[in-house]
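What follows is the content of final_2.csv, which has CSV, C-alpha atoms:
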chain,number,residue,atom,x,y,z
A,241,MET,CA,31.0,6.7,-9.0
A,242,LEU,CA,30.2,8.6,-5.8
A,243,MET,CA,33.1,9.9,-3.9
A,244,SER,CA,31.1,9.9,-0.7
A,245,GLN,CA,32.4,7.1,1.5
A,246,CYS,CA,34.6,6.6,4.5
A,247,ILE,CA,38.0,6.0,3.0
A,248,ALA,CA,40.1,5.8,6.2
A,249,LYS,CA,39.7,4.6,9.7
A,250,GLY,CA,42.0,4.4,12.7
A,251,LEU,CA,43.5,7.8,12.4
A,252,THR,CA,44.2,10.1,15.3
A,253,PRO,CA,41.0,12.1,15.9
A,254,PHE,CA,41.1,15.4,14.0
A,255,GLN,CA,44.3,14.4,12.2
A,256,ILE,CA,45.0,16.4,9.0
A,257,VAL,CA,45.9,14.2,6.0
A,258,LEU,CA,46.7,14.7,2.3
A,259,LEU,CA,44.3,13.1,-0.2
A,260,TRP,CA,45.9,12.6,-3.6
A,261,THR,CA,43.9,11.5,-6.7
A,262,SER,CA,45.2,10.5,-10.1
A,263,LEU,CA,44.0,8.8,-13.2
A,264,GLU,CA,45.3,7.9,-16.7
A,265,ASP,CA,43.2,8.5,-19.7
A,266,GLU,CA,42.9,6.3,-22.8
A,267,LYS,CA,45.9,7.9,-24.4
A,268,GLY,CA,48.1,7.6,-21.4
A,269,ASN,CA,47.8,11.2,-20.3
A,270,LEU,CA,48.0,11.7,-16.5
A,271,PHE,CA,45.7,13.9,-14.4
A,272,HIS,CA,45.9,14.5,-10.6
A,273,SER,CA,44.3,16.5,-7.8
A,274,GLN,CA,44.9,17.0,-4.1
A,275,ALA,CA,43.1,18.2,-1.0
A,276,TYR,CA,44.0,18.4,2.7
A,277,SER,CA,41.3,17.0,5.0
A,278,ARG,CA,40.8,16.6,8.7
A,279,ALA,CA,39.7,13.3,10.3
A,280,ASN,CA,36.5,13.4,12.4
A,281,GLU,CA,36.3,12.8,16.2
A,282,VAL,CA,36.6,9.0,15.8
A,283,GLY,CA,39.6,9.2,13.4
A,284,GLU,CA,37.7,8.6,10.1
A,285,VAL,CA,37.9,10.5,6.8
A,286,ASP,CA,34.6,10.6,4.9
A,287,LEU,CA,34.6,12.6,1.7
A,288,GLU,CA,30.9,13.6,1.9
A,289,PRO,CA,30.9,15.7,5.1
A,290,ALA,CA,34.6,16.5,5.3
A,291,SER,CA,35.8,20.0,4.2
A,292,SER,CA,38.9,20.4,2.2
A,293,LEU,CA,41.2,22.7,4.1
A,294,GLY,CA,43.4,23.4,1.1
A,295,GLY,CA,44.9,22.0,-2.1
A,296,ASP,CA,43.1,22.2,-5.4
A,297,TYR,CA,39.8,23.4,-3.8
A,298,VAL,CA,38.5,24.5,-0.4
A,299,GLY,CA,35.2,23.6,1.3
A,300,VAL,CA,32.7,20.7,1.3
A,301,HIS,CA,32.7,19.2,-2.2
A,302,PRO,CA,32.3,15.4,-2.2
A,303,MET,CA,33.2,15.2,-5.8
A,304,GLY,CA,36.0,17.8,-5.6
A,305,LEU,CA,38.9,15.5,-6.1
A,306,LEU,CA,37.3,14.5,-9.5
A,307,TRP,CA,36.3,17.9,-10.9
A,308,SER,CA,39.6,19.5,-9.8
A,309,LEU,CA,41.8,17.0,-11.7
A,310,LYS,CA,44.5,18.8,-13.8
A,311,PRO,CA,46.7,17.4,-16.6
A,312,GLU,CA,50.4,16.9,-16.1
A,313,LYS,CA,50.8,17.9,-19.8
A,314,ILE,CA,49.5,21.4,-20.5
A,315,LEU,CA,46.7,21.9,-23.0
A,316,THR,CA,45.4,18.4,-22.5
A,317,LYS,CA,41.6,17.8,-22.0
A,318,LEU,CA,40.2,14.7,-20.2
A,319,LEU,CA,38.0,13.0,-22.8
A,320,LYS,CA,36.5,9.5,-22.5
A,321,ARG,CA,35.6,7.7,-25.7
A,322,ASP,CA,35.0,4.1,-24.7
A,323,VAL,CA,32.0,4.6,-22.4
A,324,MET,CA,30.6,1.1,-22.5
A,325,ASN,CA,33.4,-1.2,-21.7
A,326,ASN,CA,36.0,0.6,-19.6
A,327,PRO,CA,35.4,3.0,-16.7
A,328,LEU,CA,37.9,5.7,-15.7
A,329,LYS,CA,40.0,4.2,-12.9
A,330,VAL,CA,40.6,6.8,-10.3
A,331,GLN,CA,43.5,6.2,-7.8
A,332,LEU,CA,42.9,7.7,-4.4
A,333,LYS,CA,45.7,7.7,-1.9
A,334,LEU,CA,46.0,9.1,1.7
A,335,TYR,CA,49.2,10.4,3.1
A,336,ASP,CA,50.3,12.2,6.3
A,337,SER,CA,49.9,15.9,5.8
A,338,ASP,CA,53.6,16.6,6.1
A,339,VAL,CA,54.5,14.6,3.0
A,340,MET,CA,55.8,16.9,0.3
A,341,VAL,CA,53.9,16.7,-3.0
A,342,THR,CA,57.2,16.3,-4.9
A,343,HIS,CA,57.8,13.1,-2.9
A,344,ILE,CA,54.4,11.5,-3.6
A,345,ALA,CA,55.9,9.1,-6.1
A,346,ILE,CA,58.4,7.6,-3.7
A,347,THR,CA,56.2,7.6,-0.5
A,348,THR,CA,54.0,4.7,0.6
A,349,PRO,CA,50.4,5.9,1.3
A,350,LYS,CA,48.6,5.1,4.5
A,351,VAL,CA,45.5,4.1,2.5
A,352,SER,CA,45.1,3.4,-1.2
A,353,LEU,CA,42.1,2.5,-3.2
A,354,THR,CA,40.8,2.5,-6.8
A,355,LEU,CA,37.4,4.0,-7.7
A,356,GLU,CA,35.7,3.5,-11.0
A,357,ARG,CA,33.8,6.2,-12.8
A,358,TRP,CA,31.3,4.6,-15.2
A,359,TYR,CA,29.5,6.7,-17.8
A,360,VAL,CA,26.7,4.2,-18.3
A,361,ALA,CA,24.2,2.5,-16.0
A,362,PRO,CA,23.7,-1.3,-15.9
A,363,GLY,CA,21.4,-2.6,-18.6
A,364,VAL,CA,22.1,0.2,-21.2
A,365,THR,CA,22.7,-1.3,-24.6
A,366,ARG,CA,24.6,0.1,-27.6
A,367,ILE,CA,23.8,-0.5,-31.2
A,368,GLN,CA,26.3,0.6,-33.9
A,369,VAL,CA,24.5,2.5,-36.6
A,370,LYS,CA,25.7,2.2,-40.2
A,371,GLU,CA,22.8,2.6,-42.5
A,372,GLY,CA,23.1,4.4,-45.8
A,373,CYS,CA,25.0,7.6,-45.1
A,374,LEU,CA,24.2,7.4,-41.3
A,375,ARG,CA,27.1,6.8,-38.9
A,376,GLY,CA,26.8,6.7,-35.1
A,377,ALA,CA,25.8,4.7,-32.1
A,378,LEU,CA,22.3,4.3,-30.6
A,379,LEU,CA,22.2,3.8,-26.9
A,380,LEU,CA,19.0,2.4,-25.3
A,381,PRO,CA,18.0,2.3,-21.6
A,382,PRO,CA,17.1,-1.0,-20.0
A,383,GLY,CA,13.5,-2.1,-20.4
A,384,GLU,CA,11.0,-2.6,-23.2
A,385,GLY,CA,10.4,1.1,-23.9
A,386,ARG,CA,9.1,3.2,-25.5
A,387,PHE,CA,11.6,5.9,-24.7
A,388,PRO,CA,11.9,9.6,-25.5
A,389,VAL,CA,14.5,10.0,-28.2
A,390,VAL,CA,17.4,12.4,-28.6
A,391,ILE,CA,20.1,13.1,-31.2
A,392,ASP,CA,23.4,14.0,-29.5
A,393,LEU,CA,25.9,16.3,-31.3
A,394,PHE,CA,29.0,16.7,-29.2
A,395,GLY,CA,31.0,19.6,-30.4
A,396,GLY,CA,33.1,20.2,-33.5
A,397,ILE,CA,36.1,17.9,-33.0
A,398,GLY,CA,34.6,15.1,-35.2
A,399,GLY,CA,34.6,11.4,-34.6
A,400,LEU,CA,32.1,9.8,-32.2
A,401,ILE,CA,31.8,11.1,-28.6
A,402,GLU,CA,29.4,9.3,-26.4
A,403,ILE,CA,29.8,10.8,-22.9
A,404,ARG,CA,26.6,12.7,-22.8
A,405,THR,CA,24.9,10.1,-24.9
A,406,SER,CA,25.5,7.3,-22.4
A,407,LEU,CA,24.5,9.4,-19.4
A,408,LEU,CA,21.3,10.5,-21.0
A,409,ALA,CA,20.6,6.8,-21.9
A,410,SER,CA,21.2,6.0,-18.3
A,411,HIS,CA,18.5,8.5,-17.4
A,412,GLY,CA,15.8,7.0,-19.6
A,413,PHE,CA,16.4,8.5,-23.1
A,414,ALA,CA,17.1,6.6,-26.3
A,415,VAL,CA,20.0,8.6,-27.7
A,416,LEU,CA,21.8,8.5,-31.0
A,417,ALA,CA,25.4,9.8,-30.8
A,418,LEU,CA,25.6,11.1,-34.4
A,419,ALA,CA,28.9,11.4,-36.3
A,420,TYR,CA,29.0,14.0,-39.0
A,421,CYS,CA,32.7,14.2,-39.9
A,422,ASP,CA,36.1,12.3,-39.4
A,423,TYR,CA,34.4,9.0,-38.8
A,424,GLU,CA,34.0,5.8,-40.9
A,425,GLY,CA,33.9,7.3,-44.4
A,426,LEU,CA,32.5,10.7,-43.5
A,427,PRO,CA,34.5,13.8,-44.7
A,428,PHE,CA,37.4,14.7,-42.5
A,429,ARG,CA,36.0,18.2,-42.0
A,430,LEU,CA,32.4,19.4,-42.1
A,431,GLU,CA,32.2,20.9,-45.6
A,432,LYS,CA,28.5,21.8,-45.5
A,433,VAL,CA,25.5,21.3,-43.3
A,434,ASP,CA,23.0,19.3,-45.3
A,435,LEU,CA,19.9,19.1,-43.2
A,436,GLU,CA,18.7,16.1,-45.3
A,437,TYR,CA,21.4,14.1,-43.5
A,438,PHE,CA,20.0,15.0,-40.1
A,439,GLU,CA,16.4,14.6,-41.3
A,440,GLU,CA,17.3,11.1,-42.4
A,441,ASP,CA,18.7,10.5,-38.9
A,442,ALA,CA,15.4,11.7,-37.4
A,443,ASN,CA,13.3,9.5,-39.5
A,444,PHE,CA,15.5,6.5,-38.8
A,445,LEU,CA,15.0,7.0,-35.1
A,446,LEU,CA,11.3,7.6,-35.3
A,447,ARG,CA,10.9,4.2,-37.0
A,448,HIS,CA,12.6,2.4,-34.2
A,449,PRO,CA,10.2,0.2,-32.2
A,450,LYS,CA,11.6,1.3,-28.8
A,451,VAL,CA,11.1,5.1,-29.2
A,452,LEU,CA,8.2,7.4,-28.6
A,453,SER,CA,7.1,9.0,-31.9
A,454,LEU,CA,6.0,12.4,-30.5
A,455,GLY,CA,9.2,14.1,-31.7
A,456,ILE,CA,12.9,14.2,-31.4
A,457,GLY,CA,15.2,16.2,-29.0
A,458,VAL,CA,18.6,17.5,-29.9
A,459,ALA,CA,21.5,18.0,-27.5
A,460,SER,CA,24.3,20.0,-29.0
A,461,MET,CA,27.3,22.0,-28.0
A,462,SER,CA,29.8,24.5,-29.5
A,463,LYS,CA,30.1,24.1,-33.3
A,464,THR,CA,27.2,21.7,-33.5
A,465,ALA,CA,24.9,24.0,-31.5
A,466,GLU,CA,24.4,25.9,-34.7
A,467,THR,CA,23.4,22.7,-36.5
A,468,GLY,CA,21.0,21.9,-33.6
A,469,LEU,CA,19.5,25.3,-33.9
A,470,SER,CA,18.9,24.8,-37.7
A,471,MET,CA,17.4,21.4,-37.1
A,472,ALA,CA,14.9,22.8,-34.6
A,473,ILE,CA,13.9,25.6,-37.0
A,474,HIS,CA,13.7,23.6,-40.2
A,475,LEU,CA,12.9,20.0,-39.3
A,476,LYS,CA,9.4,19.2,-38.2
A,477,GLN,CA,10.5,16.0,-36.5
A,478,VAL,CA,12.6,18.1,-33.9
A,479,THR,CA,10.5,19.4,-31.1
A,480,ALA,CA,13.2,20.4,-28.6
A,481,ALA,CA,16.8,21.5,-28.9
A,482,ALA,CA,19.3,22.1,-26.1
A,483,LEU,CA,22.0,24.4,-27.5
A,484,ILE,CA,25.1,24.9,-25.4
A,485,ASN,CA,27.5,27.8,-26.3
A,486,GLY,CA,27.0,28.0,-30.0
A,487,PRO,CA,26.5,30.7,-32.7
A,488,ASN,CA,23.0,31.5,-33.9
A,489,PHE,CA,24.1,31.0,-37.5
A,490,ILE,CA,26.4,28.7,-39.4
A,491,LEU,CA,30.0,30.0,-39.5
A,492,ASP,CA,31.8,29.6,-42.8
A,493,ILE,CA,29.8,26.5,-43.8
A,494,PRO,CA,26.9,26.6,-46.3
A,495,GLN,CA,23.6,25.1,-45.4
A,496,VAL,CA,21.0,23.2,-47.4
A,497,TYR,CA,17.6,23.8,-45.9
A,498,ARG,CA,14.4,21.8,-46.1
A,499,GLY,CA,11.0,22.2,-44.5
A,500,GLN,CA,9.8,24.3,-41.6
A,501,ALA,CA,9.3,23.4,-37.9
A,502,GLN,CA,8.3,24.9,-34.6
A,503,GLY,CA,10.7,23.4,-32.1
A,504,HIS,CA,11.4,24.6,-28.5
A,505,PHE,CA,14.8,26.0,-27.6
A,506,LEU,CA,17.0,25.8,-24.5
A,507,PHE,CA,19.9,28.2,-24.8
A,508,ILE,CA,22.7,27.5,-22.3
A,509,VAL,CA,25.6,30.0,-22.3
A,510,GLY,CA,28.8,30.5,-20.3
A,511,GLU,CA,29.4,34.2,-19.8
A,512,GLU,CA,33.2,33.8,-19.8
A,513,ASP,CA,33.3,31.7,-23.0
A,514,MET,CA,36.5,32.7,-24.7
A,515,ASN,CA,35.8,30.6,-27.8
A,516,VAL,CA,32.5,32.0,-29.0
A,517,ASN,CA,30.6,35.1,-27.8
A,518,SER,CA,27.7,32.7,-27.0
A,519,LYS,CA,25.8,35.1,-24.7
A,520,VAL,CA,25.5,37.7,-27.4
A,521,TYR,CA,24.5,35.0,-29.9
A,522,ALA,CA,21.8,33.6,-27.6
A,523,GLU,CA,20.4,37.0,-26.9
A,524,GLN,CA,20.3,37.8,-30.6
A,525,ALA,CA,18.5,34.5,-31.3
A,526,THR,CA,15.9,35.0,-28.5
A,527,GLU,CA,15.3,38.6,-29.5
A,528,GLN,CA,14.6,37.4,-33.1
A,529,LEU,CA,12.2,34.8,-31.7
A,530,ARG,CA,10.5,37.5,-29.6
A,531,ARG,CA,10.1,39.8,-32.5
A,532,HIS,CA,8.3,37.0,-34.4
A,533,GLY,CA,5.9,36.5,-31.4
A,534,LYS,CA,7.6,33.3,-30.2
A,535,ASN,CA,7.9,32.3,-26.5
A,536,ASN,CA,9.1,28.8,-27.1
A,537,TRP,CA,12.6,29.4,-25.7
A,538,THR,CA,14.5,29.5,-22.4
A,539,LEU,CA,17.9,31.1,-21.8
A,540,LEU,CA,20.2,30.0,-19.0
A,541,SER,CA,23.2,32.2,-18.6
A,542,TYR,CA,26.0,31.4,-16.1
A,543,PRO,CA,28.6,34.0,-15.0
A,544,GLY,CA,32.2,32.9,-14.8
A,545,VAL,CA,31.6,29.9,-16.9
A,546,ASP,CA,33.5,28.7,-19.9
A,547,HIS,CA,32.8,27.2,-23.3
A,548,LEU,CA,32.8,23.5,-22.4
A,549,ILE,CA,29.7,23.0,-20.3
A,550,GLU,CA,29.6,19.2,-20.1
A,551,PRO,CA,27.9,16.7,-17.8
A,552,PRO,CA,28.7,17.1,-14.1
A,553,TYR,CA,32.2,16.6,-12.6
A,554,SER,CA,34.0,17.1,-15.9
A,555,PRO,CA,37.2,19.0,-14.9
A,556,LEU,CA,37.5,22.6,-16.1
A,557,CYS,CA,39.7,22.9,-19.2
A,558,CYS,CA,40.6,26.5,-19.9
A,559,ALA,CA,42.6,25.7,-23.0
A,560,SER,CA,43.5,22.6,-25.0
A,561,ARG,CA,45.0,21.3,-28.2
A,562,ILE,CA,42.7,19.7,-30.8
A,563,SER,CA,45.2,17.3,-32.4
A,564,ASN,CA,43.2,16.3,-35.5
A,565,LEU,CA,42.5,19.9,-36.4
A,566,ARG,CA,46.0,21.1,-35.3
A,567,LEU,CA,44.4,23.9,-33.3
A,568,PHE,CA,44.9,25.4,-29.9
A,569,MET,CA,41.6,26.6,-28.3
A,570,HIS,CA,41.0,29.0,-25.5
A,571,TRP,CA,37.8,28.0,-23.6
A,572,GLY,CA,37.9,30.3,-20.6
A,573,GLY,CA,36.1,29.9,-17.3
A,574,GLU,CA,36.6,29.7,-13.5
A,575,VAL,CA,36.6,26.4,-11.6
A,576,ILE,CA,33.7,26.8,-9.0
A,577,PRO,CA,31.3,28.5,-11.4
A,578,HIS,CA,32.1,25.8,-14.0
A,579,VAL,CA,31.3,23.0,-11.5
A,580,ALA,CA,28.0,24.6,-10.4
A,581,ALA,CA,26.9,25.3,-14.0
A,582,GLN,CA,27.5,21.8,-15.1
A,583,GLU,CA,25.4,20.4,-12.3
A,584,ARG,CA,22.6,22.8,-12.8
A,585,SER,CA,22.5,22.8,-16.6
A,586,TRP,CA,22.5,18.9,-16.6
A,587,LYS,CA,19.3,18.9,-14.6
A,588,GLU,CA,17.8,21.6,-16.7
A,589,ILE,CA,18.6,19.8,-20.0
A,590,GLN,CA,16.9,16.6,-18.8
A,591,LYS,CA,13.9,18.5,-17.5
A,592,PHE,CA,13.6,20.4,-20.8
A,593,LEU,CA,13.8,17.2,-22.9
A,594,ARG,CA,11.3,15.4,-20.8
A,595,LYS,CA,8.8,18.2,-20.9
A,596,HIS,CA,8.8,18.4,-24.7
A,597,LEU,CA,9.3,14.7,-25.6
A,598,ILE,CA,7.2,12.8,-23.1
A,599,PRO,CA,3.4,13.0,-22.2
A,600,VAL,CA,3.0,13.5,-18.5
A,601,VAL,CA,1.4,10.1,-17.8
A,602,THR,CA,4.0,8.3,-19.9
A,603,SER,CA,6.8,10.2,-18.1
A,604,CYS,CA,5.8,8.9,-14.7
A,605,LEU,CA,5.5,5.3,-15.9
A,606,LEU,CA,8.8,5.5,-17.7
A,607,GLU,CA,10.8,6.7,-14.7
A,608,GLU,CA,9.3,3.9,-12.6
A,609,GLN,CA,10.2,1.3,-15.3
A,610,ILE,CA,13.8,2.6,-15.6
A,611,PHE,CA,14.2,2.5,-11.8
A,612,LEU,CA,12.9,-1.1,-11.6
A,613,GLU,CA,15.0,-2.3,-14.4
A,614,ILE,CA,18.2,-0.8,-12.9
A,615,GLN,CA,17.3,-2.4,-9.5
A,616,LYS,CA,17.3,-5.8,-11.2
A,617,GLN,CA,20.9,-5.5,-12.4
Starting from the file, lay out its structure as structure tokens.
Amino acid sequence: MLMSQCIAKGLTPFQIVLLWTSLEDEKGNLFHSQAYSRANEVGEVDLEPASSLGGDYVGVHPMGLLWSLKPEKILTKLLKRDVMNNPLKVQLKLYDSDVMVTHIAITTPKVSLTLERWYVAPGVTRIQVKEGCLRGALLLPPGEGRFPVVIDLFGGIGGLIEIRTSLLASHGFAVLALAYCDYEGLPFRLEKVDLEYFEEDANFLLRHPKVLSLGIGVASMSKTAETGLSMAIHLKQVTAAALINGPNFILDIPQVYRGQAQGHFLFIVGEEDMNVNSKVYAEQATEQLRRHGKNNWTLLSYPGVDHLIEPPYSPLCCASRISNLRLFMHWGGEVIPHVAAQERSWKEIQKFLRKHLIPVVTSCLLEEQIFLEIQKQ
């Protein structure tokens, strides 16, 4: 979904209007945002060039009405689970600027439209994985392959989260969203990190006929970043690990190690992470690598940024309740740095994974193939 289109015509030139956005998540939680905008000289409102004069953000931000969404119920995080079948439906309404926000529900908008935010490109396929102890979902880009392959570990809340998985698959990666607890027979909590489980996942992927066999990437965040770090250190199959706001050791959970590897590391940290002192942990990890003569790492550190660095345009969530764990978590962060860091880090993650998972010649051919396949849809 690109919120960069003319949404209203026939207004008075330079008229100021109120733009009101709302959506309902899969659990029925409501989110909304607002911005005041000025029509151009011919009476049109276009979200791409128009500047917000006030509301939930100020300035030129074509996707601002999306990333500035706030929950009606406090401590609620926007989280999409069904990425394949149902987009987020975003209601966008335009009102006269003198309409009071408290009267929105009983006021007829001048313009109303529904936008869809999909997390997956046309042609991406999803395969449910249930083989031995393995649980997860494998998402494949359109085309014959072979594709660079990534294991996606999305935080410590358990279950199966496929937001980043589907977006990476939409950009040409074969990605396994891997469940490790609280999902289809797996333990409710992660009781120990047995790298044999993750090694089994890696070998399963490398046997797949549509993946490149040069090595596996890992994308991990928060609690699972420590697992991703261990995988890159100890599993020879893992050649690149993107680690977002995680400790550099396993907290309170015993590990079972096997093997030794020489993976590459991308540490991404938010300097206002109120959940984990991720900047200090990343600096400790890189210093340890440096002492051992290693230069196979990159550290990206973002001032003013929180714990939950997700794909672009995910709204800032300073604190939330994790219902299955009965916990309230403080994540921290500021809105504008959060938005900028998500856009920049998303590009850096893809660039890092491509660099270490795809030969240069194959990379160019693969990008062309993905583009052509998507154009056919």
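Closest approach to A:Ser277 among A:Glu527, A:Val257, A:Tyr335, A:Leu263: A:Val257, based on all atoms listed in the file.
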Could you tell me how far atom CA of A:Ile344 lies from atom CA of A:Val579, in Å and to one decimal? 27.0 Å
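The protein and nucleic acid residues lying at most 9 Å from A:Phe413 are A:Leu379, A:Leu380, A:Pro381, A:Phe387, A:Pro388, A:Val389, A:Val390, A:Thr405, A:Leu407, A:Val451, A:Arg594, with all atoms listed in the file considered and sequence neighbours fewer than 6 positions away removed.
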One number please: atom CA of A:Gly455 to atom CA of A:Lys476, in Å, one decimal. 8.3 Å
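The spacing separating atom CA of A:Glu550 from atom CA of A:Ser352 amounts to 29.1 Å.
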How close does stretch 519-608 of chain A get to stretch 482-485 of chain A? List, as a tab-separated table, each residue of stretch 519-608 of chain A within 8 Å, its nearest atom pair and the distance in Å to one decimal, counting only C-alpha atoms.
residue	atom	partner	partner_atom	distance
A:Lys519	CA	A:Asn485	CA	7.7
A:His547	CA	A:Asn485	CA	6.1
A:Leu548	CA	A:Asn485	CA	7.9
A:Ile549	CA	A:Ile484	CA	7.1
A:Ile589	CA	A:Ala482	CA	6.6
A:Phe592	CA	A:Ala482	CA	8.0
Using all atoms listed in the file, determine which residues lie at most 6 Å from A:Ala480, disregarding the query and same-chain residues fewer than 3 positions distant; provide the list as a VMD selection string. chain A and resid 457 503 to 505
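For the choices A:Val341, A:Met324, A:Val545, A:Cys246, the atom-to-atom distance to A:Tyr276 is smallest for A:Val341 when using only C-alpha atoms.
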As AutoDock Vina command-line options, please report the centre and edge lengths, rounded to one decimal in Å, of the axis-aligned box that holds all listed atoms of stretch 348-355 of chain A with 5 Å of padding on each of the six sides.
--center_x 45.7 --center_y 4.2 --center_z -1.6 --size_x 26.6 --size_y 13.4 --size_z 22.2
Report as a PyMOL selection string all protein, DNA and RNA residues lying within 10 Å of A:Asp336, evaluated on all atoms listed in the file, omitting residues in the same chain fewer than 3 positions from it. chain A and resi 255-259+276+339-340+349-350
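Contact shell of A:Leu567 at 12 Å (all atoms listed in the file; same-chain neighbours under 4 positions omitted): Leu315, Gly396, Ile397, Ala559, Ser560, Arg561, Ile562 and Ser563 of chain A.
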Could stretch 361-374 of chain A be completed with N, CA and C atoms and written as a PDB file, in the frame of the given file, please?
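Done, and the output landed in selection.pdb:
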ATOM      1  N   ALA A 361      24.833   3.306 -17.075  1.00  0.00           N
ATOM      2  CA  ALA A 361      24.200   2.500 -16.000  1.00  0.00           C
ATOM      3  C   ALA A 361      24.078   1.047 -16.484  1.00  0.00           C
ATOM      4  N   PRO A 362      23.963   0.116 -15.552  1.00  0.00           N
ATOM      5  CA  PRO A 362      23.700  -1.300 -15.900  1.00  0.00           C
ATOM      6  C   PRO A 362      22.499  -1.439 -16.766  1.00  0.00           C
ATOM      7  N   GLY A 363      22.592  -2.278 -17.795  1.00  0.00           N
ATOM      8  CA  GLY A 363      21.400  -2.600 -18.600  1.00  0.00           C
ATOM      9  C   GLY A 363      21.312  -1.719 -19.878  1.00  0.00           C
ATOM     10  N   VAL A 364      22.077  -0.632 -19.978  1.00  0.00           N
ATOM     11  CA  VAL A 364      22.100   0.200 -21.200  1.00  0.00           C
ATOM     12  C   VAL A 364      22.725  -0.603 -22.323  1.00  0.00           C
ATOM     13  N   THR A 365      22.096  -0.612 -23.494  1.00  0.00           N
ATOM     14  CA  THR A 365      22.700  -1.300 -24.600  1.00  0.00           C
ATOM     15  C   THR A 365      23.087  -0.347 -25.718  1.00  0.00           C
ATOM     16  N   ARG A 366      24.085  -0.754 -26.495  1.00  0.00           N
ATOM     17  CA  ARG A 366      24.600   0.100 -27.600  1.00  0.00           C
ATOM     18  C   ARG A 366      24.521  -0.626 -28.895  1.00  0.00           C
ATOM     19  N   ILE A 367      23.988   0.067 -29.894  1.00  0.00           N
ATOM     20  CA  ILE A 367      23.800  -0.500 -31.200  1.00  0.00           C
ATOM     21  C   ILE A 367      24.617   0.404 -32.208  1.00  0.00           C
ATOM     22  N   GLN A 368      25.597  -0.178 -32.881  1.00  0.00           N
ATOM     23  CA  GLN A 368      26.300   0.600 -33.900  1.00  0.00           C
ATOM     24  C   GLN A 368      25.430   0.868 -35.076  1.00  0.00           C
ATOM     25  N   VAL A 369      25.415   2.112 -35.533  1.00  0.00           N
ATOM     26  CA  VAL A 369      24.500   2.500 -36.600  1.00  0.00           C
ATOM     27  C   VAL A 369      25.385   2.782 -37.877  1.00  0.00           C
ATOM     28  N   LYS A 370      25.099   2.028 -38.920  1.00  0.00           N
ATOM     29  CA  LYS A 370      25.700   2.200 -40.200  1.00  0.00           C
ATOM     30  C   LYS A 370      24.710   1.859 -41.275  1.00  0.00           C
ATOM     31  N   GLU A 371      23.873   2.815 -41.591  1.00  0.00           N
ATOM     32  CA  GLU A 371      22.800   2.600 -42.500  1.00  0.00           C
ATOM     33  C   GLU A 371      22.720   3.705 -43.531  1.00  0.00           C
ATOM     34  N   GLY A 372      22.975   3.355 -44.793  1.00  0.00           N
ATOM     35  CA  GLY A 372      23.100   4.400 -45.800  1.00  0.00           C
ATOM     36  C   GLY A 372      24.244   5.303 -45.490  1.00  0.00           C
ATOM     37  N   CYS A 373      23.977   6.603 -45.411  1.00  0.00           N
ATOM     38  CA  CYS A 373      25.000   7.600 -45.100  1.00  0.00           C
ATOM     39  C   CYS A 373      25.164   7.749 -43.554  1.00  0.00           C
ATOM     40  N   LEU A 374      24.250   7.189 -42.774  1.00  0.00           N
ATOM     41  CA  LEU A 374      24.200   7.400 -41.300  1.00  0.00           C
ATOM     42  C   LEU A 374      25.370   6.707 -40.630  1.00  0.00           C
TER      43      LEU A 374
END
